[in-house]
file final-v3.cif (mmCIF, C-alpha atoms)
data_start
loop_
_atom_site.label_atom_id
_atom_site.label_comp_id
_atom_site.auth_asym_id
_atom_site.auth_seq_id
_atom_site.Cartn_x
_atom_site.Cartn_y
_atom_site.Cartn_z
CA MET V 294 0.00 0.00 0.00
CA PRO V 295 1.39 3.44 -0.89
CA GLU V 296 1.77 5.85 1.96
CA THR V 297 -0.75 8.68 2.19
CA MET V 298 0.60 11.72 0.40
CA THR V 299 0.89 14.97 2.30
CA PRO V 300 -0.42 18.28 0.86
CA ASP V 301 3.08 19.36 -0.14
CA GLN V 302 3.44 16.22 -2.26
CA VAL V 303 0.31 16.84 -4.34
CA PRO V 304 0.03 19.70 -6.86
CA HIS V 305 -2.65 22.22 -6.01
CA ALA V 306 -4.55 24.40 -8.50
CA ALA V 307 -4.24 27.59 -6.45
CA ARG V 308 -0.50 27.15 -5.98
CA ILE V 309 -0.09 26.40 -9.69
CA MET V 310 -1.92 29.65 -10.47
CA ASP V 311 0.36 31.47 -8.05
CA TYR V 312 3.33 30.06 -9.96
CA PHE V 313 1.90 31.21 -13.29
CA LEU V 314 1.48 34.68 -11.77
CA GLY V 315 5.08 34.84 -10.61
CA GLY V 316 4.28 34.38 -6.94
CA SER V 317 6.26 32.55 -4.28
CA GLU V 318 3.45 30.58 -2.62
CA ASN V 319 4.08 27.39 -4.59
CA LEU V 320 6.10 24.21 -4.23
CA PRO V 321 8.28 22.05 -6.52
CA VAL V 322 5.37 19.66 -7.09
CA ASP V 323 3.23 22.58 -8.29
CA ARG V 324 5.92 23.85 -10.62
CA ALA V 325 6.33 20.40 -12.12
CA ALA V 326 2.59 20.13 -12.69
CA ALA V 327 2.54 23.63 -14.18
CA ASP V 328 5.24 22.66 -16.64
CA GLY V 329 3.06 19.74 -17.71
CA ILE V 330 0.10 22.07 -18.24
CA VAL V 331 2.22 24.39 -20.37
CA LYS V 332 3.17 21.47 -22.62
CA LEU V 333 -0.53 20.80 -23.16
CA LEU V 334 -1.63 24.46 -23.22
CA PRO V 335 1.27 26.80 -24.00
CA GLY V 336 -0.97 29.84 -23.64
CA GLY V 337 -2.11 28.93 -20.13
CA PRO V 338 0.29 31.20 -18.21
CA LEU V 339 -0.40 34.07 -20.62
CA GLY V 340 -4.10 33.77 -19.98
CA ALA V 341 -3.60 33.63 -16.21
CA ARG V 342 -1.50 36.79 -16.24
CA ALA V 343 -3.93 38.62 -18.52
CA ASN V 344 -6.73 37.69 -16.13
CA ARG V 345 -4.82 39.14 -13.17
CA ARG V 346 -3.92 42.32 -15.07
CA PHE V 347 -7.59 42.85 -15.91
CA LEU V 348 -8.61 42.40 -12.28
CA ASN V 349 -5.96 44.91 -11.25
CA ARG V 350 -7.22 47.46 -13.81
CA ALA V 351 -10.80 46.90 -12.70
CA VAL V 352 -9.92 47.33 -9.03
CA ARG V 353 -8.14 50.58 -9.79
CA ALA V 354 -11.15 51.71 -11.84
CA ALA V 355 -13.34 50.96 -8.82
CA THR V 356 -11.16 53.05 -6.53
CA ARG V 357 -11.38 55.93 -9.00
CA ARG V 358 -15.16 55.70 -8.61
CA GLY V 359 -14.71 56.14 -4.87
CA ILE V 360 -15.19 52.50 -3.89
CA SER V 361 -13.11 51.48 -0.91
CA GLN V 362 -14.62 48.07 -0.12
CA PHE V 363 -13.98 44.84 -2.00
CA LEU V 364 -15.49 41.38 -1.65
CA ASP V 365 -13.17 38.99 -3.49
CA ILE V 366 -15.14 35.79 -4.06
CA GLY V 367 -13.28 32.54 -4.80
CA CYS V 368 -10.11 34.51 -4.30
CA GLY V 369 -7.47 31.81 -4.46
CA ILE V 370 -4.15 32.65 -2.85
CA PRO V 371 -4.15 36.42 -2.10
CA ALA V 372 -0.62 37.04 -3.31
CA ALA V 373 1.04 38.19 -6.56
CA ALA V 374 -0.75 41.53 -7.04
CA ALA V 375 -3.81 40.58 -5.01
CA THR V 376 -6.67 43.00 -4.43
CA HIS V 377 -5.35 44.39 -1.14
CA GLU V 378 -2.03 45.20 -2.80
CA VAL V 379 -3.68 47.00 -5.71
CA ALA V 380 -6.02 48.96 -3.39
CA PRO V 381 -3.95 49.32 -0.21
CA GLU V 382 -6.26 51.91 1.36
CA ALA V 383 -9.38 49.81 0.85
CA LYS V 384 -11.03 47.15 2.98
CA VAL V 385 -10.84 43.70 1.37
CA LEU V 386 -12.62 40.52 2.39
CA TYR V 387 -11.36 37.40 0.67
CA VAL V 388 -13.70 34.40 0.42
CA ASP V 389 -12.78 30.83 -0.43
CA ASN V 390 -13.49 27.36 0.90
CA ASP V 391 -10.25 25.63 -0.01
CA PRO V 392 -8.23 24.51 3.05
CA VAL V 393 -4.88 25.07 1.31
CA VAL V 394 -5.92 28.56 0.24
CA GLY V 395 -7.21 29.28 3.73
CA ASP V 396 -3.98 28.27 5.44
CA ILE V 397 -1.87 30.43 3.13
CA ALA V 398 -4.30 33.35 3.16
CA ARG V 399 -4.47 33.49 6.93
CA ARG V 400 -0.68 33.44 7.13
CA ILE V 401 -0.30 36.22 4.53
CA LEU V 402 -3.07 38.40 5.91
CA GLY V 403 -2.09 37.69 9.50
CA GLU V 404 1.12 39.56 8.88
CA ARG V 405 -0.91 42.75 8.28
CA SER V 406 -1.98 44.78 11.30
CA ASP V 407 -4.01 47.54 9.67
CA GLY V 408 -7.40 45.82 10.03
CA ARG V 409 -8.22 46.35 6.36
CA THR V 410 -8.14 42.73 5.22
CA SER V 411 -9.73 39.49 6.33
CA TYR V 412 -10.36 35.98 5.08
CA LEU V 413 -13.66 34.11 5.25
CA ASP V 414 -13.78 30.35 4.88
CA ALA V 415 -17.13 29.86 3.12
CA ASP V 416 -18.74 28.41 0.01
CA PHE V 417 -19.70 31.30 -2.25
CA ARG V 418 -22.68 29.25 -3.49
CA ASP V 419 -24.37 30.17 -0.19
CA PRO V 420 -24.56 33.98 -0.53
CA ASP V 421 -26.68 34.37 2.59
CA ALA V 422 -24.00 32.69 4.71
CA VAL V 423 -21.26 34.81 3.14
CA LEU V 424 -23.10 38.10 3.46
CA SER V 425 -24.29 37.49 7.02
CA ALA V 426 -20.97 36.13 8.34
CA PRO V 427 -19.45 38.05 11.28
CA ALA V 428 -16.27 38.66 9.25
CA THR V 429 -18.34 40.31 6.51
CA LYS V 430 -20.32 42.48 8.90
CA GLU V 431 -17.20 43.52 10.78
CA LEU V 432 -15.25 44.59 7.71
CA LEU V 433 -17.75 45.70 5.09
CA ASP V 434 -20.62 48.20 5.16
CA LEU V 435 -23.12 46.86 2.64
CA SER V 436 -25.15 50.07 2.84
CA GLN V 437 -22.28 51.68 0.92
CA PRO V 438 -20.90 50.71 -2.52
CA VAL V 439 -18.87 47.51 -2.66
CA ALA V 440 -17.02 45.95 -5.58
CA VAL V 441 -17.59 42.20 -5.77
CA LEU V 442 -15.02 40.20 -7.72
CA PHE V 443 -15.79 36.90 -9.43
CA GLY V 444 -12.40 36.32 -11.01
CA ALA V 445 -12.10 33.09 -13.04
CA LEU V 446 -14.67 31.44 -10.78
CA LEU V 447 -18.09 31.09 -12.37
CA HIS V 448 -16.94 28.71 -15.09
CA PHE V 449 -16.47 26.13 -12.35
CA VAL V 450 -20.17 26.35 -11.50
CA VAL V 451 -22.34 24.19 -13.75
CA ASP V 452 -25.85 25.26 -14.68
CA SER V 453 -27.47 22.78 -12.30
CA GLU V 454 -25.86 24.70 -9.42
CA ASP V 455 -27.71 27.89 -10.48
CA PRO V 456 -24.77 30.25 -11.06
CA TYR V 457 -27.02 33.04 -12.35
CA GLY V 458 -29.29 32.91 -9.33
CA THR V 459 -26.29 32.86 -7.00
CA VAL V 460 -24.77 35.96 -8.57
CA GLU V 461 -28.13 37.74 -8.46
CA ARG V 462 -28.39 37.13 -4.73
CA TYR V 463 -25.08 38.88 -4.20
CA LYS V 464 -26.08 41.71 -6.51
CA GLY V 465 -29.40 42.14 -4.72
CA ALA V 466 -27.62 42.79 -1.40
CA LEU V 467 -25.47 45.61 -2.78
CA ALA V 468 -26.00 49.36 -2.54
CA PRO V 469 -26.36 51.57 -5.64
CA GLY V 470 -22.96 52.44 -7.07
CA SER V 471 -21.62 48.95 -6.33
CA LEU V 472 -19.72 47.02 -8.98
CA VAL V 473 -19.58 43.44 -10.16
CA ILE V 474 -16.21 42.55 -11.69
CA LEU V 475 -15.88 39.19 -13.42
CA THR V 476 -13.89 37.05 -15.79
CA HIS V 477 -15.22 33.84 -17.28
CA SER V 478 -13.82 31.15 -19.54
CA SER V 479 -15.31 30.92 -23.03
CA PRO V 480 -14.79 28.76 -26.13
CA ASP V 481 -15.73 31.61 -28.48
CA TYR V 482 -12.20 32.46 -29.63
CA VAL V 483 -10.68 29.03 -29.07
CA SER V 484 -9.69 26.64 -31.85
CA ALA V 485 -10.77 23.00 -31.87
CA PRO V 486 -7.30 21.66 -30.89
CA VAL V 487 -7.09 24.00 -27.91
CA ARG V 488 -10.64 23.09 -26.86
CA ALA V 489 -9.64 19.44 -26.93
CA ALA V 490 -6.54 20.20 -24.82
CA VAL V 491 -8.65 22.11 -22.29
CA ASP V 492 -11.14 19.25 -22.09
CA GLU V 493 -8.30 16.79 -21.54
CA LEU V 494 -6.74 18.95 -18.83
CA TYR V 495 -9.91 19.37 -16.79
CA THR V 496 -10.89 15.74 -17.27
CA ASN V 497 -7.52 14.76 -15.82
CA LEU V 498 -8.06 17.18 -12.95
CA ARG V 499 -11.57 15.80 -12.41
CA VAL V 500 -12.98 19.30 -12.51
CA ASP V 501 -16.19 20.30 -14.30
CA LEU V 502 -15.69 23.29 -16.58
CA ALA V 503 -18.78 25.25 -17.68
CA SER V 504 -17.13 27.29 -20.41
CA ARG V 505 -19.82 29.69 -21.67
CA SER V 506 -20.40 31.87 -24.70
CA ARG V 507 -20.21 35.67 -24.63
CA ALA V 508 -24.01 35.86 -24.63
CA GLU V 509 -24.22 33.47 -21.68
CA ILE V 510 -21.56 35.42 -19.76
CA THR V 511 -23.33 38.71 -20.48
CA ARG V 512 -26.36 37.35 -18.61
CA PHE V 513 -24.41 37.65 -15.36
CA VAL V 514 -24.02 41.41 -15.66
CA ALA V 515 -26.57 42.85 -18.09
CA THR V 516 -29.61 42.60 -15.81
CA ASP V 517 -32.32 45.00 -14.68
CA GLY V 518 -30.92 47.79 -12.53
CA TRP V 519 -27.36 47.29 -13.72
CA THR V 520 -25.30 48.97 -16.43
CA VAL V 521 -22.34 47.26 -18.07
CA LEU V 522 -19.48 49.73 -18.20
CA GLU V 523 -17.49 50.42 -21.34
CA PRO V 524 -15.95 48.68 -23.19
CA GLY V 525 -18.59 46.05 -22.43
CA VAL V 526 -18.14 42.29 -22.32
CA VAL V 527 -14.84 41.83 -24.14
CA SER V 528 -11.86 39.50 -24.32
CA VAL V 529 -10.01 39.63 -20.99
CA ASN V 530 -6.91 41.22 -22.50
CA GLU V 531 -8.94 43.94 -24.24
CA TRP V 532 -10.81 45.45 -21.28
CA GLU V 533 -9.55 48.96 -20.58
CA THR V 534 -10.75 52.42 -19.59
CA ALA V 535 -9.93 55.91 -20.73
CA ASP V 536 -7.96 56.36 -17.51
CA GLU V 537 -5.97 53.15 -17.87
CA ARG V 538 -5.36 51.40 -21.15
CA ALA V 539 -4.48 47.74 -21.38
CA SER V 540 -0.75 47.07 -21.12
CA ASP V 541 1.69 46.16 -23.86
CA ALA V 542 1.60 42.60 -22.52
CA ASP V 543 -2.17 42.56 -23.03
CA TYR V 544 -1.89 43.83 -26.58
CA GLN V 545 0.66 41.10 -27.23
CA THR V 546 -1.64 38.40 -25.82
CA ASN V 547 -4.21 36.98 -28.20
CA ARG V 548 -7.84 36.12 -27.57
CA GLU V 549 -7.23 32.39 -27.72
CA ASP V 550 -4.64 32.57 -24.94
CA THR V 551 -6.99 34.51 -22.68
CA ALA V 552 -9.87 32.19 -23.68
CA GLY V 553 -12.49 34.21 -21.89
CA PHE V 554 -14.36 37.44 -21.36
CA ALA V 555 -14.20 40.22 -18.79
CA ALA V 556 -16.84 42.70 -17.70
CA VAL V 557 -17.61 45.31 -15.07
CA ALA V 558 -21.16 46.40 -14.25
CA VAL V 559 -22.46 49.09 -11.91
CA LYS V 560 -25.69 49.05 -9.90
CA ASN V 561 -27.92 51.98 -10.85
#

call {"tool": "encode", "arguments": {"input": "final-v3.cif", "output": "structure tokens"}}
result
Amino acid sequence: MPETMTPDQVPHAARIMDYFLGGSENLPVDRAAADGIVKLLPGGPLGARANRRFLNRAVRAATRRGISQFLDIGCGIPAAAATHEVAPEAKVLYVDNDPVVGDIARRILGERSDGRTSYLDADFRDPDAVLSAPATKELLDLSQPVAVLFGALLHFVVDSEDPYGTVERYKGALAPGSLVILTHSSPDYVSAPVRAAVDELYTNLRVDLASRSRAEITRFVATDGWTVLEPGVVSVNEWETADERASDADYQTNREDTAGFAAVAVKN
């Protein structure tokens, strides 16, 4: 019988993402697994970095609108240009239900003493539990605008789990002026060989991937009482504002590498 493997002997998706983003919260086993992913999907790291750059631009856009509270749902490891680093004067509540993420997040955030950040161990598919948690009430004032981030999360929620209804429950609890910031995987700009590679990867990982079309992704943000901000629902690397254009790295990244859409919507 093989001995039970410890967490540091098994690659972990959040640590692999941290590696792709240039972070330090990863282990040799994660780096080896990441190298295997790159052989299958060479554009994977490019897409991960484009996703993070978009989230950074969107967070800065939120701060320019006067928002100083962020609810980062399905946050992953809060390192490598995480929300609290991009908006250091803001209050940031990270939410995830992964034990590995939780251990690392509590260590990282525990080193801060300014009271502006916190981590909540919760399943985002239960919005009522997230929004009513003591950590949420202590850190965030939901009577004032909040930016809610769904970064590279909703494509892991299949239709039978009611992703649209879940997002609407969060949106319904927010004050006018609040934002929803999201990225979502899509097959729209992806060639057949890359789609096959993605399917193989997630089958091997035993993870369901609900990659959705632009029209399906738009349904998360273009709802009554909400306005999708310019430039609309666009490829992740192409979202920009008049105050902050996409970077040279984004312009050099193609739509197939990003393989998804980004959007920001404001509550009227």

call {"tool": "closest_atom_pairs", "arguments": {"input": "final-v3.cif", "of": "range 325-423 of chain V", "to": "range 451-459 of chain V", "cutoff": "10 Å", "atoms": "all atoms listed in the file", "output": "Markdown table"}}
result
| residue | atom | partner | partner_atom | distance |
| --- | --- | --- | --- | --- |
| V:Phe417 | CA | V:Thr459 | CA | 8.3 |
| V:Arg418 | CA | V:Thr459 | CA | 6.2 |
| V:Asp419 | CA | V:Thr459 | CA | 7.6 |
| V:Pro420 | CA | V:Thr459 | CA | 6.8 |
| V:Asp421 | CA | V:Thr459 | CA | 9.7 |

call {"tool": "residues_around", "arguments": {"input": "final-v3.cif", "residues": "Ala466 in chain V", "least_positions_apart": "3", "cutoff": "12 Å", "atoms": "all atoms listed in the file", "output": "count of residues only"}}
result
23

call {"tool": "closest_residue", "arguments": {"input": "final-v3.cif", "among": "V:Ala542, V:Ala354, V:Ala485, V:Val322", "to": "Asp301 in chain V", "atoms": "all atoms listed in the file"}}
result
V:Val322

call {"tool": "closest_residue", "arguments": {"input": "final-v3.cif", "among": "V:Ala307, V:Ala355, V:Ala539, V:Ile366", "to": "Asp396 in chain V", "atoms": "only C-alpha atoms"}}
result
V:Ala307

call {"tool": "resolve_selection", "arguments": {"input": "final-v3.cif", "expression": "the PyMOL selection byres ((chain V and resi 552) around 12)", "output": "PyMOL selection string"}}
result
chain V and resi 334+336-341+343-344+445+448+476-484+487-488+491+504-507+527-531+546-551+553-555

call {"tool": "resolve_selection", "arguments": {"input": "final-v3.cif", "expression": "the PyMOL selection byres ((chain V and resi 377) around 10)", "output": "list of chain:residue names"}}
result
V:Val352, V:Phe363, V:Asp365, V:Pro371, V:Ala372, V:Ala374, V:Ala375, V:Thr376, V:Glu378, V:Val379, V:Ala380, V:Pro381, V:Glu382, V:Ala383, V:Lys384, V:Val385, V:Leu386, V:Tyr387, V:Leu402, V:Arg409, V:Thr410, V:Ser411

call {"tool": "residues_near_point", "arguments": {"input": "final-v3.cif", "point": "(-21.7, 50.3, -13.1)", "cutoff": "6 Å", "atoms": "all atoms listed in the file", "output": "count of residues only"}}
result
7

call {"tool": "closest_residue", "arguments": {"input": "final-v3.cif", "among": "V:Asn561, V:Gln362, V:Ser540, V:Gln545", "to": "Asn349 in chain V", "atoms": "all atoms listed in the file"}}
result
V:Ser540

call {"tool": "atom_distance", "arguments": {"input": "final-v3.cif", "atom1": "CA of Gly525 in chain V", "atom2": "CA of Ile474 in chain V"}}
result
11.5 Å

call {"tool": "axis_aligned_box", "arguments": {"input": "final-v3.cif", "around": "range 529-544 of chain V", "padding_each_side": "5 Å", "output": "JSON"}}
result
{"center_x": -4.6, "center_y": 48.0, "center_z": -22.0, "size_x": 22.5, "size_y": 26.7, "size_z": 19.1}

call {"tool": "resolve_selection", "arguments": {"input": "final-v3.cif", "expression": "the PyMOL selection byres ((chain V and resi 311-319) around 8)", "output": "ChimeraX atom specification"}}
result
/V:307-310,320-321,323-324,327,338,341-342,345,370,372-373,397

call {"tool": "residues_near_point", "arguments": {"input": "final-v3.cif", "point": "(-10.3, 49.2, -13.4)", "cutoff": "9 Å", "atoms": "all atoms listed in the file", "output": "MDAnalysis selection string"}}
result
chainID V and resid 347:357 532:534 536:537 557

call {"tool": "write_last_selection", "arguments": {"input": "final-v3.cif", "atoms": "C-alpha atoms", "output": "PDB file, in the coordinates of the input"}}
result
ATOM      1  CA  PHE V 347      -7.590  42.850 -15.910  1.00  0.00           C
ATOM      2  CA  LEU V 348      -8.610  42.400 -12.280  1.00  0.00           C
ATOM      3  CA  ASN V 349      -5.960  44.910 -11.250  1.00  0.00           C
ATOM      4  CA  ARG V 350      -7.220  47.460 -13.810  1.00  0.00           C
ATOM      5  CA  ALA V 351     -10.800  46.900 -12.700  1.00  0.00           C
ATOM      6  CA  VAL V 352      -9.920  47.330  -9.030  1.00  0.00           C
ATOM      7  CA  ARG V 353      -8.140  50.580  -9.790  1.00  0.00           C
ATOM      8  CA  ALA V 354     -11.150  51.710 -11.840  1.00  0.00           C
ATOM      9  CA  ALA V 355     -13.340  50.960  -8.820  1.00  0.00           C
ATOM     10  CA  THR V 356     -11.160  53.050  -6.530  1.00  0.00           C
ATOM     11  CA  ARG V 357     -11.380  55.930  -9.000  1.00  0.00           C
ATOM     12  CA  TRP V 532     -10.810  45.450 -21.280  1.00  0.00           C
ATOM     13  CA  GLU V 533      -9.550  48.960 -20.580  1.00  0.00           C
ATOM     14  CA  THR V 534     -10.750  52.420 -19.590  1.00  0.00           C
ATOM     15  CA  ASP V 536      -7.960  56.360 -17.510  1.00  0.00           C
ATOM     16  CA  GLU V 537      -5.970  53.150 -17.870  1.00  0.00           C
ATOM     17  CA  VAL V 557     -17.610  45.310 -15.070  1.00  0.00           C
TER      18      VAL V 557
END

call {"tool": "closest_residue", "arguments": {"input": "final-v3.cif", "among": "V:Glu431, V:Asp391, V:Pro335, V:Ala468", "to": "Asp416 in chain V", "atoms": "only C-alpha atoms"}}
result
V:Asp391

call {"tool": "closest_residue", "arguments": {"input": "final-v3.cif", "among": "V:Val394, V:Tyr495, V:His305, V:Val526", "to": "Val514 in chain V", "atoms": "all atoms listed in the file"}}
result
V:Val526

call {"tool": "closest_residue", "arguments": {"input": "final-v3.cif", "among": "V:Leu475, V:Ala415, V:Ala428, V:Ala422", "to": "Thr511 in chain V", "atoms": "only C-alpha atoms"}}
result
V:Leu475

call {"tool": "atom_distance", "arguments": {"input": "final-v3.cif", "atom1": "CA of Gly367 in chain V", "atom2": "CA of Gly518 in chain V"}}
result
24.6 Å

call {"tool": "atom_distance", "arguments": {"input": "final-v3.cif", "atom1": "CA of Leu364 in chain V", "atom2": "CA of Val500 in chain V"}}
result
24.7 Å

call {"tool": "decode", "arguments": {"input": "final-v3.cif", "residues": "range 325-346 of chain V", "atoms": "N, CA and C atoms", "output": "PDB file, in the first residue's frame"}}
result
ATOM      1  N   ALA V 325       6.241  21.530 -11.188  1.00  0.00           N
ATOM      2  CA  ALA V 325       6.332  20.404 -12.124  1.00  0.00           C
ATOM      3  C   ALA V 325       5.000  20.193 -12.833  1.00  0.00           C
ATOM      4  N   ALA V 326       3.909  20.287 -12.080  1.00  0.00           N
ATOM      5  CA  ALA V 326       2.585  20.130 -12.687  1.00  0.00           C
ATOM      6  C   ALA V 326       2.312  21.269 -13.664  1.00  0.00           C
ATOM      7  N   ALA V 327       2.733  22.480 -13.302  1.00  0.00           N
ATOM      8  CA  ALA V 327       2.536  23.630 -14.180  1.00  0.00           C
ATOM      9  C   ALA V 327       3.275  23.445 -15.499  1.00  0.00           C
ATOM     10  N   ASP V 328       4.474  22.908 -15.421  1.00  0.00           N
ATOM     11  CA  ASP V 328       5.237  22.662 -16.644  1.00  0.00           C
ATOM     12  C   ASP V 328       4.510  21.665 -17.543  1.00  0.00           C
ATOM     13  N   GLY V 329       3.836  20.698 -16.930  1.00  0.00           N
ATOM     14  CA  GLY V 329       3.056  19.744 -17.710  1.00  0.00           C
ATOM     15  C   GLY V 329       1.864  20.405 -18.377  1.00  0.00           C
ATOM     16  N   ILE V 330       1.231  21.341 -17.674  1.00  0.00           N
ATOM     17  CA  ILE V 330       0.103  22.072 -18.243  1.00  0.00           C
ATOM     18  C   ILE V 330       0.551  22.914 -19.428  1.00  0.00           C
ATOM     19  N   VAL V 331       1.710  23.534 -19.297  1.00  0.00           N
ATOM     20  CA  VAL V 331       2.217  24.390 -20.373  1.00  0.00           C
ATOM     21  C   VAL V 331       2.488  23.564 -21.631  1.00  0.00           C
ATOM     22  N   LYS V 332       2.942  22.326 -21.455  1.00  0.00           N
ATOM     23  CA  LYS V 332       3.168  21.466 -22.623  1.00  0.00           C
ATOM     24  C   LYS V 332       1.859  21.183 -23.344  1.00  0.00           C
ATOM     25  N   LEU V 333       0.781  21.064 -22.574  1.00  0.00           N
ATOM     26  CA  LEU V 333      -0.528  20.796 -23.157  1.00  0.00           C
ATOM     27  C   LEU V 333      -1.178  22.079 -23.674  1.00  0.00           C
ATOM     28  N   LEU V 334      -1.022  23.166 -22.889  1.00  0.00           N
ATOM     29  CA  LEU V 334      -1.630  24.456 -23.225  1.00  0.00           C
ATOM     30  C   LEU V 334      -0.575  25.545 -23.076  1.00  0.00           C
ATOM     31  N   PRO V 335       0.201  25.799 -24.097  1.00  0.00           N
ATOM     32  CA  PRO V 335       1.273  26.801 -23.997  1.00  0.00           C
ATOM     33  C   PRO V 335       0.784  28.188 -23.614  1.00  0.00           C
ATOM     34  N   GLY V 336      -0.452  28.514 -23.956  1.00  0.00           N
ATOM     35  CA  GLY V 336      -0.966  29.843 -23.641  1.00  0.00           C
ATOM     36  C   GLY V 336      -1.535  29.974 -22.242  1.00  0.00           C
ATOM     37  N   GLY V 337      -1.512  28.893 -21.467  1.00  0.00           N
ATOM     38  CA  GLY V 337      -2.106  28.929 -20.130  1.00  0.00           C
ATOM     39  C   GLY V 337      -1.568  30.026 -19.227  1.00  0.00           C
ATOM     40  N   PRO V 338      -0.248  30.130 -19.071  1.00  0.00           N
ATOM     41  CA  PRO V 338       0.290  31.198 -18.210  1.00  0.00           C
ATOM     42  C   PRO V 338      -0.047  32.596 -18.729  1.00  0.00           C
ATOM     43  N   LEU V 339      -0.056  32.762 -20.052  1.00  0.00           N
ATOM     44  CA  LEU V 339      -0.395  34.074 -20.621  1.00  0.00           C
ATOM     45  C   LEU V 339      -1.820  34.461 -20.260  1.00  0.00           C
ATOM     46  N   GLY V 340      -2.718  33.485 -20.340  1.00  0.00           N
ATOM     47  CA  GLY V 340      -4.101  33.765 -19.980  1.00  0.00           C
ATOM     48  C   GLY V 340      -4.259  34.089 -18.505  1.00  0.00           C
ATOM     49  N   ALA V 341      -3.536  33.367 -17.653  1.00  0.00           N
ATOM     50  CA  ALA V 341      -3.605  33.625 -16.212  1.00  0.00           C
ATOM     51  C   ALA V 341      -3.121  35.031 -15.882  1.00  0.00           C
ATOM     52  N   ARG V 342      -2.042  35.454 -16.517  1.00  0.00           N
ATOM     53  CA  ARG V 342      -1.500  36.786 -16.242  1.00  0.00           C
ATOM     54  C   ARG V 342      -2.394  37.872 -16.790  1.00  0.00           C
ATOM     55  N   ALA V 343      -2.995  37.642 -17.961  1.00  0.00           N
ATOM     56  CA  ALA V 343      -3.930  38.622 -18.522  1.00  0.00           C
ATOM     57  C   ALA V 343      -5.145  38.773 -17.616  1.00  0.00           C
ATOM     58  N   ASN V 344      -5.602  37.651 -17.051  1.00  0.00           N
ATOM     59  CA  ASN V 344      -6.726  37.689 -16.126  1.00  0.00           C
ATOM     60  C   ASN V 344      -6.393  38.543 -14.903  1.00  0.00           C
ATOM     61  N   ARG V 345      -5.202  38.364 -14.351  1.00  0.00           N
ATOM     62  CA  ARG V 345      -4.816  39.139 -13.172  1.00  0.00           C
ATOM     63  C   ARG V 345      -4.644  40.624 -13.518  1.00  0.00           C
ATOM     64  N   ARG V 346      -4.084  40.915 -14.688  1.00  0.00           N
ATOM     65  CA  ARG V 346      -3.923  42.324 -15.074  1.00  0.00           C
ATOM     66  C   ARG V 346      -5.284  43.003 -15.236  1.00  0.00           C
TER      67      ARG V 346
END
